[in-house]
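The block underneath contains the structure these notes are about, expressed in structure tokens.
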Amino acid sequence: MTEAVEGWPVTRASVLRTALSVGVATGAYGVSFGALGVAGGLSVVQTCAMSVLLFTGGSQFALIGVLGGGGSPVSGTASAVLLGVRNVVYGASLAGMLRLHGLRRLVGAQLVIDESTAVALGAEPNGERASRLGFWATGLAVFVLWNLATLVGALAGSVIGDTAALGLDAAAPAAFLALLWPRLNSRPTWLTALTAALVAVLAVPFVPAGVPVLIAALVPAIAVMARRRTA
Amino acid sequence: MTTWGAILATAAGCYLLKLAGLSVPQRVLEHPVMARMSDLLPVALLAALAAVQTFSTGDSLVLDARVAGMAVAVVALLLRAPFLVVVGAAAATAALLRLIN
């Protein structure tokens with residue numbers, strides 16, 4: 001991330017570059033989602049409708065996982081919506097900097113996802129303007145590329161579904177780490193990051209995909225409460 | 001419930017959750033506890049996302065080429081490499097390891 005002293009044009013270019021690269025990396029997953037949707041028995045239209053209407057990867061993969069695995073639509077819906085609960089946490093952490101009202105809030109809400117939140121929060125040290133640009137640019141870039149990629153994947157089937165061969169599954173966590181890095185500037189932030197990472201990884205085998213991140217979101221809450229009690 | 005029913009119900013549920021988060025009142029956000037939380041919450045979320053996407057597939061813990069990719073990303077970050085280089089180096093490392101194996 002660029003320092004604020006370098007001025008808005010530099011910051012803007014840096015935020016847009018980040019947004020686009022996150023969009024390309026994430027969009028690539030859309031190919032595997034499209035392929036998996038069709039492989040799981042959904043039509044091309046149903047698969048594409050999920051990427052437009054749900055637009056939250058974890059929930060989408062969860063729903064096709066349950067439907068494709070022969071599970072009931074009700075349990076598929078329940079687990080997919082449960083995974084979407086983390087977007088409440090994301091939305092709440094974005095609300096103060098975005099301050100959206102009316103139609104903008106209704107449109108912006110659909111773009112509240114892992115990636116737009118991560119880029120917006122990552123751009124926070126450069127000011128609210130950079131954060132807002134990060135949110136909208138990343139949300140729109142991911143929306144367009146995710147949906148195009150879903151269509152490509154659904155049409156092409158399982159032929160080009162292997163994004164792992166390109167290392168794209170390593171690109172996403174590296175992007176999150178790069179966004180986290182500048183925030184690790186004190187003992188409490190390091191402790192929070194390491195504890196949250198450990199808690200989330202340890203939770204993985206015991207709860208459905210997507211929930212570990214939710215549990216890790218409780219780490220700062222517990223830390224703040226504990227400090228309040230001892231203070 | 002049909003497949004379309006499940007898709008539409010999930011879409012409605014997921015959208016309302018996103019909207020609920022954005023609609024948390026400002027005075028709740030300005031509460032001192034929330035203010036301190038808002039510093040640490042992004043740190044926790046980013047760290048958890050990075051860790052989960054490095055060490056897991058679905059609901060099982062996995063050690064694969066992604067870990068090497070992340071190690072290279074850490075080195076790149078220590079060398080103050082720009083964002084795209086960090087991400088590209090991680091992907092290239094994972095792809096190369098898989099090609100060799």
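Each chain in the structure tokens gets a letter, A, B, ..., in the order shown, and its residues are numbered from 1; ligands are numbered from 1 in order too.
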* If you run DSSP over the backbone, which residues in chain B end up strand (DSSP E)? Put them as a list of chain:residue names. =>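 Written out, the strand (DSSP E) residues of chain B are B:Ser56, B:Thr57, B:Ser60, B:Leu61.
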Go ahead and save the picked residues with C-alpha atoms, as a PDB file, in the first residue's frame.
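Below is the file that was written, again.pdb:
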```pdb
ATOM      1  CA  SER B  56      -7.618 -26.161   4.909  1.00  0.00           C
ATOM      2  CA  THR B  57      -9.751 -27.621   2.155  1.00  0.00           C
ATOM      3  CA  SER B  60     -10.122 -30.835   6.763  1.00  0.00           C
ATOM      4  CA  LEU B  61      -6.688 -29.441   7.592  1.00  0.00           C
TER       5      LEU B  61
END
```
Give me, as CSV, each residue of chain A that comes within 6 Å of chain B, together with its shortest interatomic pair and the distance in Å at one decimal, counting only C-alpha atoms, with rows ordered by chain and rising residue number.
```
residue,atom,partner,partner_atom,distance
A:Leu53,CA,B:Ala11,CA,5.5
A:Leu54,CA,B:Ala11,CA,4.5
A:Pro73,CA,B:Ala6,CA,5.4
A:Thr77,CA,B:Thr10,CA,5.3
A:Val81,CA,B:Cys14,CA,5.7
A:Gly84,CA,B:Cys14,CA,5.4
A:Asn87,CA,B:Lys18,CA,5.3
A:Val88,CA,B:Gly21,CA,4.0
A:Gly91,CA,B:Gly21,CA,3.9
A:Ala92,CA,B:Gly21,CA,4.4
A:Ala95,CA,B:Leu22,CA,4.8
A:Ala109,CA,B:Leu19,CA,5.0
A:Ala165,CA,B:Ala95,CA,5.4
A:Leu166,CA,B:Ala95,CA,5.0
A:Gly167,CA,B:Ala91,CA,4.2
A:Leu168,CA,B:Ala91,CA,5.5
A:Ala170,CA,B:Arg66,CA,4.8
A:Ala171,CA,B:Ala91,CA,4.9
A:Pro173,CA,B:Ala50,CA,4.3
A:Ala174,CA,B:Val87,CA,5.4
A:Ala175,CA,B:Val87,CA,5.6
A:Phe176,CA,B:Ala50,CA,5.4
A:Leu177,CA,B:Ala50,CA,5.8
A:Leu180,CA,B:Leu46,CA,5.9
A:Thr192,CA,B:Ala44,CA,5.9
A:Ala193,CA,B:Ala44,CA,5.1
A:Ala196,CA,B:Ala44,CA,5.2
A:Ala197,CA,B:Ala48,CA,4.3
A:Ala200,CA,B:Ala48,CA,5.5
A:Val201,CA,B:Val52,CA,5.6
A:Val204,CA,B:Asp59,CA,5.4
A:Pro205,CA,B:Asp59,CA,4.9
A:Ala209,CA,B:Gly58,CA,5.7
A:Val213,CA,B:Ala48,CA,5.5
A:Ala217,CA,B:Ala44,CA,5.9
A:Pro220,CA,B:Leu40,CA,5.7
```
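Between atom CA of Ala19 of chain A and atom CA of Leu106 of chain A the interatomic distance comes to 21.2 Å.
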* Asked: When you draw a straight line from atom CA of Phe135 of chain A to atom CA of Pro182 of chain A, how long is it in Å?
  -> 17.9 Å
* To do: Between atom CA of Tyr90 of chain A and atom CA of Leu111 of chain A, measure the distance and give it in Å to one decimal.
  =>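 Separation of atom CA of Tyr90 of chain A and atom CA of Leu111 of chain A: 10.7 Å.
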